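Structure first, commentary second.
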Amino acid sequence: MTVSQFTIFIVDDDAGVQKALSRLVEASGYACQTFGCARDFLFHHDTDIPGCLILDMSMPEIDGLQLQASLGAGGIDLPIIFVTGQSDVQKTVTAMKGGAIDFLTKPVNAPDLLDAVARAEAQDTQRRHDRDELSAVVARAALLTPRERQVMQHVVAGRLNKQIAGDLGTVEKTIKVHRGRMMAKMGVRTVAELVRITEHIGVWPNH
Amino acid sequence: MTTMDSQRSSLLPGGNPLTALQKPILVACAYFIGAEAAFLIGTLSDKIFAPFWPPNAILLCALLSAPINQWWLYLLLAFPAHVIAEVGVGMNLSQMLVAFATNCALAVAAAAAIRKWIGRPTFETLRGTGIYILIVGLLAPAVVALGGAFVPISGGENADRYWRFWAEWYASNALGGLTLSPPILIWLNHGAWSFKVHSKARLAEGIALALCLFLACNIAFAFNPGTFAEGFLPSIIYLPVPLIVLAALRFGNRGASFAVLIVTIDLIWRSLGGWSLFASNDSETTVFAIQTFLIGLSSLMLLLGASIDETRAAARRNREIEERMTFAAVSAHTGLWEYNIAENRFWTTDFCRSLFGIPAYTKVSPRTLISTVHPDDRPAATRALRVDLPAGEPAQAEFRVLTPDGATRWVHTQARVYRDERGKPLRIGGVFVDVTQRKEIELEGEERRRDLVHLTRVSILGELSGAIAHEINQPLTAILSNAQAARLMLAQNPPKVLGAIDAIEDIVREDTRASLVISRIRGLLKKGEVHFEHIRLNALITDTLKLLQSEFMSRRIKVKIELEKKLPTIHGDPIQLEQVILNVVMNAIEAMAATASNQRVLTIMTSMNRPGFVEATVKDRGRGIASEHQDRLYEPFFTTKTSGLGLGLSICTTIMKSHGGDLQIVNSPEGGASVSLTLPTSVHSPLGAVK
């Protein structure tokens with residue numbers, strides 16, 4: 001995973017606004033990239049770069065809400081800060097429901113914008129971190145043997161070694177061995193940790 | 001028709017048959033008296049006999065005054081009168097009958113001929129009098145005398161003297177018709193028993209004139225060559241003539257005919273007694289001399305009287321026409337004027353004086369008229385009053401007149417040149433019409449129209465308020481962010497001055513951008529005068545569309561712009577044309593409200609389809625125009641929208657027309673409507689020079 005700087009993506013069809021906003025965020029110490037329309041952004045932006053999106057609501061062809069929907073459908077959860085000239089309640093609700101960080105009206109006040117950017121950065125960092133962690137766990141889980149996987153399932157369910165041995169039809173000692181290897185491979189020391197990291201990777205058995 | 005019916009048909013209502021006989025009996029009596037008078041002259045003097053036969057003259061008058069279906073009655077009753085009179089002088093029966101027959105023939109023939117060609121003789125026209133003289137003084141007696149000459153022959157006279165008798169017969173009857181009949185006929189024309197005179201003065205004048213004439217005749221006809229040199233003989237005859245002419249001048253045909261009668265009577269009376277100017281050896285020659293003199297004199301004087309009457313009547317008619325014309329003109333607030341070029345004379349009706357407010361003591365001349373005209377309008381007014389108007393073309397002008405009491409009146413003048421056969425101008429005639437009311441209404445109407453155009457423009461802007469707010473908001477956003485960025489940059493250590501300067505420059509540019517939008521809106525909101533200038537249509541369209549950008553975006557409308565590159569400039573008022581474009585495009589946007597959003601396409605094109613004209617077309621993908629609405633589109637207050645006045649299109653059409661262009665809407669084959677705006681290029685514009 002490449003380590004890149006947190007970048008703010010600005011999408012606005014008005015050149016003057018685009019330039020001003022980019023100047024503002026750069027003066028606040030952020031990196032930024034500007035795009036004149038949604039299509040340009042979809043084709044040219046790099047999803048690996050951490051960042052957030054400052055998005056104009058009303059644009060020709062593909063407007064802000066449509067872009068939000070497209071990104072969601074594509075599984076890209078880049079945090080979005082909407083800016084708009086018109087305050088339309090319906091659009092606001094749709095945007096927030098779609099997971100936007102904030103909805104600001106033009107002319108945009110710098111403190112409000114920068115505050116939203118900070119929140120966006122936190123959210124993005126958190127999400128990326130969560131995602132990275134998740135893929136690491138999945139990679140580790142892939143190294144388990146089928147037996148070890150079974151044992152993990154039962155351990156996570158809260159079963160004692162003796163019970164697991166009884167469920168799987170083997171002796172306790174064998175279970176202990178599997179368990180030890182499994183814990184080592186998964187890189188955890190306690191059952192609680194195991195439960196936490198396996199929460200999101202679907203190890204729960206179908207009881 | 002029975003005899004009784006024919007009589008009753010000519011009666012006064014309610015009259016009985018006896019009344020119908022009144023007039024013929026009177027005539028018969030007059031006939032008798034006239035005959036006796038003629039015989040009397042013969043008995044009184046051995047120098048002469050009656051130069052005319054009164055009964056014939058009376059009979060002629062009677063037949064001319066009575067309806068044709070009663071003529072037989074008059075002749076019937078005249079017969080006994082004739083018989084009684086003639087028996088008294090010892091005429092035999094055959095002579096009597098022939099005489100009566102010829103008399104009747106003469107009267108009937110003359111009366112019939114006059115009736116046919118003149119109707120009832122009034123002696124007021126030259127033509128009528130001339131024909132009367134021809135018939136009564138020449139043709140009728142000449143023809144009937146052919147038979148009348150037989151009367152003495154049948155009485156035993158020598159047949160060799162036929163032509164002598166013919167001449168006597170002719171002269172006698174002609175004279176009666178020319179001297180006795182006219183006064184009687186004129187008297188009957190004025191109402192048989194009425195003897196109205198205009199005033200006592202006129203009556204006195206008439207009597208004095210008659211007496212002077214009598215005196216003059218006596219002097220003239222009593223002239224004896226022995227008293228003076230013989231050479232004066234012809235000239236003394238003319239002594240009564242000036243008086244007769246005076247009578248004709250003062251009393252018209254009445255004067256002429258009565259004067260002639262007086263001369264006739266005087267001459268006869270003189271000749272009774274003895275010597276007169278016409279006396280000769282035998283009575284026949286004397287009488288013939290008198291007759292020829294009187295026939296000539298009476299013919300001329302009757303014609304003179306008629307000619308004077310005719311001229312007077314024409315002059316009176318002209319005066320009446322002029323009075324009527326002037327009255328009509330004044331009622332219509334119109335003054336008449338005429339300039340006679342040869343005599344350099346300028347004539348106006350009184351109304352012109354009050355119209356132009358010229359005081360009573362000042363002469364009305366072209367110069368004084370022009371001096372009351374508003375200075376700005378003087379060139380136009382002077383042009384309309386000038387001499388060298390092209391042939392036949394009525395010149396027109398409208399100008400303001402400033403009256404002394406401070407009021408402003410609008411006057412319309414129209415003039416034309418009257419030329420002679422060679423095309424040389426003789427006079428210029430024209431009218432001045434007070435059109436103040438009309439002009440004020442016109443000006444007010446124009447003001448209302450301007451108001452309406454302005455109001456619809458303002459309402460369009462009202463509809464665009466969202467779009468306008470957006471257009472201003474964008475630069476404001478940029479300005480705020482640039483300013484805050486600059487502050488941050490300057491707060492850093494070290495401060496980023498260059499970056500801040502860039503930001504500030506952008507602020508200035510964005511401010512200009514906002515100002516442009518504001519001034520454009522302000523221009524559209526202003527009512528203002530219409531100012532025509534050279535416009536590049538493509539630039540106007542693109543600028544106008546900028547205002548609508550956010551509308552296009554929010555309605556998800558795709559705009560296709562195809563502008564002809566080398567479009568010639570047009571001549572017009574940019575604000576009004578912008579209004580038309582806004583209106584048409586907004587109609588197109590509305591029309592596509594129900595269209596699927598991915599189908600919403602607005603196409604705007606400019607082209608030069610016809611030489612001298614530039615065309616802008618706006619096409620939408622709405623539902624098009626329903627056929628039942630096609631004809632009503634341009635009607636004021638017609639709209640298919642749920643809200644809105646429906647004035648937009650009718651005002652747009654008015655604006656286009658006032659630019660010399662046009663607005664047409666058709667359904668386009670791809671579906672939807674297509675609006676084409678046509679405008680003449682600057683070169684071809686009918687609007688003239690740019691102010």
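As shown in the structure tokens, the chain order sets the letters A, B, ...; within each chain, residues go from 1, and ligands are also counted from 1 in the order they appear.
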Write out, as a Markdown table, each residue of chain B that has an atom at most 8 Å from chain A, together with the closest pair of atoms and their distance in Å to one decimal, counting only C-alpha atoms, rows going by chain and rising number.
```
| residue | atom | partner | partner_atom | distance |
| --- | --- | --- | --- | --- |
| B:His470 | CA | A:Gly85 | CA | 6.0 |
| B:Asn473 | CA | A:Gly85 | CA | 6.5 |
| B:Gln474 | CA | A:Val17 | CA | 6.6 |
| B:Pro475 | CA | A:Gly16 | CA | 7.0 |
| B:Leu476 | CA | A:Pro107 | CA | 6.0 |
| B:Thr477 | CA | A:Pro107 | CA | 3.9 |
| B:Ala478 | CA | A:Val17 | CA | 4.5 |
| B:Ile479 | CA | A:Ala20 | CA | 7.4 |
| B:Leu480 | CA | A:Pro107 | CA | 6.6 |
| B:Ser481 | CA | A:Ala20 | CA | 5.4 |
| B:Asn482 | CA | A:Ala20 | CA | 4.9 |
| B:Gln484 | CA | A:Ala110 | CA | 6.4 |
| B:Ala485 | CA | A:Leu24 | CA | 4.2 |
| B:Ala486 | CA | A:Leu24 | CA | 7.8 |
| B:Leu488 | CA | A:Ala27 | CA | 6.1 |
| B:Met489 | CA | A:Ala27 | CA | 5.7 |
| B:Ala503 | CA | A:Ala20 | CA | 7.4 |
| B:Asp506 | CA | A:Gly16 | CA | 7.7 |
| B:Glu510 | CA | A:Gly16 | CA | 7.1 |
| B:Ser550 | CA | A:Ser58 | CA | 7.8 |
| B:Phe552 | CA | A:Pro60 | CA | 7.9 |
| B:Met553 | CA | A:Pro60 | CA | 5.2 |
| B:Ser554 | CA | A:Ser58 | CA | 6.9 |
| B:Arg556 | CA | A:Glu61 | CA | 7.0 |
| B:Lys558 | CA | A:Glu61 | CA | 7.6 |
```
Practice problem: Step one, run DSSP on the backbone; step two, keep only residues of segment 19-161 of chain A assigned to alpha helix (DSSP H); then write them as a ChimeraX atom specification. | Solution: /A:19-27,38-44,64-73,89-97,110-142,146-156,161
Quiz item: Do you know which residues are at most 7 Å from Ile101 of chain A counting only C-alpha atoms, after dropping those on the same chain fewer than 4 positions away, and could you put them as number ranges by chain?
Solution: A: 79-81, 116, 120
Quiz item: Neighbours of segment 183-199 of chain A within 7 Å (only C-alpha atoms; same-chain residues fewer than 6 positions away dropped), as a PyMOL selection string?
Solution: chain A and resi 137+140-141+156
Self-check item: Non-local contacts of Arg128 of chain A (12 Å; only C-alpha atoms; under 2 positions in same chain excluded) as an MDAnalysis selection string
Solution: chainID A and resid 1 3 6 47:51 76:79 120:126 130:135
Can you write out the residues you just picked, keeping N, CA, C and O atoms, as a short mmCIF file (atom, residue, chain, number, x, y, z; two decimals), in the first residue's frame?
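As written to disk, selection-v2.cif reads:
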```
data_model
loop_
_atom_site.label_atom_id
_atom_site.label_comp_id
_atom_site.auth_asym_id
_atom_site.auth_seq_id
_atom_site.Cartn_x
_atom_site.Cartn_y
_atom_site.Cartn_z
N MET A 1 0.85 -1.17 0.00
CA MET A 1 0.00 0.00 0.00
C MET A 1 0.89 1.22 0.00
O MET A 1 1.78 1.35 0.82
N VAL A 3 1.99 4.92 0.52
CA VAL A 3 1.65 5.95 1.51
C VAL A 3 1.61 7.29 0.78
O VAL A 3 2.62 7.78 0.30
N PHE A 6 -2.73 12.95 2.32
CA PHE A 6 -4.18 13.17 2.27
C PHE A 6 -4.47 14.32 1.28
O PHE A 6 -3.93 15.41 1.41
N THR A 47 -8.21 6.09 -6.69
CA THR A 47 -8.92 5.72 -5.46
C THR A 47 -7.97 5.36 -4.32
O THR A 47 -8.38 5.34 -3.16
N ASP A 48 -6.72 5.09 -4.64
CA ASP A 48 -5.79 4.72 -3.57
C ASP A 48 -5.34 5.92 -2.75
O ASP A 48 -4.85 5.77 -1.65
N ILE A 49 -5.48 7.09 -3.32
CA ILE A 49 -5.01 8.27 -2.58
C ILE A 49 -6.00 8.58 -1.48
O ILE A 49 -7.19 8.73 -1.74
N PRO A 50 -5.54 8.70 -0.25
CA PRO A 50 -6.49 9.09 0.81
C PRO A 50 -6.90 10.54 0.60
O PRO A 50 -6.12 11.37 0.18
N GLY A 51 -8.14 10.77 0.92
CA GLY A 51 -8.58 12.16 0.74
C GLY A 51 -10.08 12.30 0.96
O GLY A 51 -10.75 11.40 1.46
N ILE A 76 -16.84 3.02 -3.68
CA ILE A 76 -15.83 3.97 -3.24
C ILE A 76 -16.43 4.81 -2.13
O ILE A 76 -17.39 5.52 -2.37
N ASP A 77 -15.85 4.70 -0.92
CA ASP A 77 -16.46 5.47 0.16
C ASP A 77 -15.62 6.67 0.53
O ASP A 77 -15.28 6.89 1.68
N LEU A 78 -15.29 7.44 -0.46
CA LEU A 78 -14.59 8.71 -0.26
C LEU A 78 -15.53 9.66 0.46
O LEU A 78 -16.66 9.82 0.04
N PRO A 79 -15.12 10.29 1.55
CA PRO A 79 -16.04 11.21 2.24
C PRO A 79 -16.32 12.44 1.36
O PRO A 79 -15.43 12.96 0.71
N ALA A 120 -13.64 14.89 7.73
CA ALA A 120 -13.53 13.97 6.60
C ALA A 120 -12.22 13.20 6.66
O ALA A 120 -12.16 11.99 6.40
N GLU A 121 -11.18 13.94 6.98
CA GLU A 121 -9.88 13.29 7.05
C GLU A 121 -9.89 12.20 8.12
O GLU A 121 -9.41 11.09 7.88
N ALA A 122 -10.47 12.53 9.27
CA ALA A 122 -10.53 11.53 10.34
C ALA A 122 -11.29 10.31 9.89
O ALA A 122 -10.85 9.16 10.08
N GLN A 123 -12.42 10.56 9.26
CA GLN A 123 -13.24 9.43 8.83
C GLN A 123 -12.50 8.59 7.79
O GLN A 123 -12.50 7.36 7.85
N ASP A 124 -11.89 9.29 6.85
CA ASP A 124 -11.21 8.56 5.79
C ASP A 124 -10.05 7.73 6.34
O ASP A 124 -9.87 6.56 5.96
N THR A 125 -9.29 8.38 7.23
CA THR A 125 -8.16 7.65 7.81
C THR A 125 -8.67 6.42 8.55
O THR A 125 -8.11 5.32 8.39
N GLN A 126 -9.71 6.63 9.34
CA GLN A 126 -10.28 5.52 10.10
C GLN A 126 -10.72 4.40 9.16
O GLN A 126 -10.42 3.24 9.37
N ASP A 130 -9.33 0.70 8.95
CA ASP A 130 -10.20 -0.45 9.16
C ASP A 130 -10.09 -1.40 7.99
O ASP A 130 -10.03 -2.62 8.16
N ARG A 131 -10.09 -0.84 6.81
CA ARG A 131 -10.02 -1.67 5.61
C ARG A 131 -8.71 -2.44 5.54
O ARG A 131 -8.67 -3.62 5.22
N ASP A 132 -7.64 -1.71 5.84
CA ASP A 132 -6.32 -2.36 5.81
C ASP A 132 -6.27 -3.52 6.82
O ASP A 132 -5.79 -4.62 6.51
N GLU A 133 -6.79 -3.20 7.98
CA GLU A 133 -6.81 -4.21 9.03
C GLU A 133 -7.60 -5.42 8.59
O GLU A 133 -7.21 -6.56 8.76
N LEU A 134 -8.71 -5.16 7.99
CA LEU A 134 -9.59 -6.23 7.54
C LEU A 134 -8.89 -7.11 6.52
O LEU A 134 -8.93 -8.33 6.61
N SER A 135 -8.26 -6.50 5.57
CA SER A 135 -7.61 -7.33 4.55
C SER A 135 -6.45 -8.14 5.15
O SER A 135 -6.19 -9.27 4.74
#
```
Exercise. Take atom CA of Ile25 of chain B and atom CA of Leu93 of chain B and report the distance between them in Å, one decimal.
Key: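 Here the two named atoms are 22.9 Å from each other.
For the residues A:Cys37, A:Ala118, A:Gly74, A:Asp88, ranking by smallest atom-to-atom distance to Thr7 of chain A using only C-alpha atoms places A:Ala118 first.
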Self-check item: Residue neighbourhood Ile175 of chain A, 9 Å, only C-alpha atoms, exclusion window fewer than 3 positions, as JSON, numbers by chain
Solution: {"A": [148, 151, 161, 162, 164, 165, 170, 171, 172, 178, 179, 180]}
Keeping only N, CA, C and O atoms, take the residues you just selected and write them out as a compact mmCIF listing (two decimals), in the first residue's frame.
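Everything below was put into result_38.txt:
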```
# COMPACT_ATOMS: atom_id res chain seq x y z
N GLU A 148 -8.21 -26.03 11.64
CA GLU A 148 -7.94 -24.84 12.46
C GLU A 148 -9.09 -23.85 12.32
O GLU A 148 -9.51 -23.21 13.28
N VAL A 151 -11.87 -25.07 14.52
CA VAL A 151 -11.58 -24.79 15.93
C VAL A 151 -11.83 -23.30 16.21
O VAL A 151 -12.42 -22.93 17.22
N ASN A 161 -12.43 -26.08 25.42
CA ASN A 161 -11.69 -27.08 24.65
C ASN A 161 -12.36 -28.43 24.71
O ASN A 161 -12.48 -29.16 23.72
N LYS A 162 -12.81 -28.81 25.94
CA LYS A 162 -13.41 -30.13 26.13
C LYS A 162 -14.64 -30.27 25.24
O LYS A 162 -14.84 -31.30 24.58
N ILE A 164 -15.35 -28.51 22.53
CA ILE A 164 -14.99 -28.51 21.11
C ILE A 164 -14.59 -29.90 20.69
O ILE A 164 -14.95 -30.39 19.60
N ALA A 165 -13.78 -30.58 21.63
CA ALA A 165 -13.33 -31.95 21.32
C ALA A 165 -14.53 -32.84 21.12
O ALA A 165 -14.57 -33.67 20.18
N THR A 170 -12.93 -35.47 18.62
CA THR A 170 -11.53 -35.78 18.85
C THR A 170 -11.20 -35.43 20.30
O THR A 170 -12.09 -35.05 21.05
N VAL A 171 -9.90 -35.58 20.62
CA VAL A 171 -9.57 -35.39 22.04
C VAL A 171 -9.18 -33.94 22.31
O VAL A 171 -8.82 -33.19 21.40
N GLU A 172 -9.20 -33.63 23.57
CA GLU A 172 -8.93 -32.28 24.01
C GLU A 172 -7.53 -31.84 23.62
O GLU A 172 -7.30 -30.68 23.26
N HIS A 178 -4.37 -27.56 17.90
CA HIS A 178 -4.95 -26.74 16.82
C HIS A 178 -5.15 -25.31 17.26
O HIS A 178 -4.84 -24.35 16.54
N ARG A 179 -5.66 -25.21 18.45
CA ARG A 179 -5.96 -23.89 19.00
C ARG A 179 -4.72 -23.02 19.08
O ARG A 179 -4.73 -21.85 18.66
N GLY A 180 -3.63 -23.62 19.61
CA GLY A 180 -2.39 -22.88 19.74
C GLY A 180 -1.90 -22.38 18.39
O GLY A 180 -1.53 -21.23 18.22
```
Exercise. Using only C-alpha atoms, find the one residue out of B:Ala208, B:Ala415, B:Cys352, B:Ala491 that sits nearest to Val364 of chain B.
Key: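 Using only C-alpha atoms, the shortest distance to Val364 of chain B belongs to B:Cys352.
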Self-check item: Distance of atom CA of Ala28 of chain B from atom CA of Ala81 of chain B, expressed in Å to one decimal place
Solution: 5.9 Å
Quiz prompt | Within 10 Å of Phe35 of chain A using only C-alpha atoms, minus same-chain residues under 2 positions, as a list in words | solution =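 Residues near the query, excluding close chain neighbours: Phe9, Ile10, Val11, Asp12, Asp13, Ala15, Gln18, Gln33, Cys37, Ala38, Arg39, Asp40, Phe41, Leu42, His44, His45 and Leu55 of chain A.
Going from atom CA of Ser365 of chain B to atom CA of Glu322 of chain B covers 20.9 Å.
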Quick one: which segment 124-237 of chain B residues come within 10 Å of segment 279-290 of chain B, and what is the nearest atom pair for each with the distance in Å to one decimal, counting only C-alpha atoms, rows ordered by chain and ascending number, as CSV?
```
residue,atom,partner,partner_atom,distance
B:Arg164,CA,B:Glu284,CA,9.9
B:Ala167,CA,B:Phe288,CA,8.7
B:Glu168,CA,B:Phe288,CA,7.2
B:Ala171,CA,B:Phe288,CA,7.4
B:Ser172,CA,B:Phe288,CA,8.6
B:Leu175,CA,B:Ile290,CA,9.8
B:Phe221,CA,B:Ala279,CA,9.9
```
Exercise. Identify all residues of segment 4-196 of chain A in strand (DSSP E) (DSSP on the backbone) and supply them as a PyMOL selection string.
Key: chain A and resi 7-11+31-35+51-56+80-84+102-105
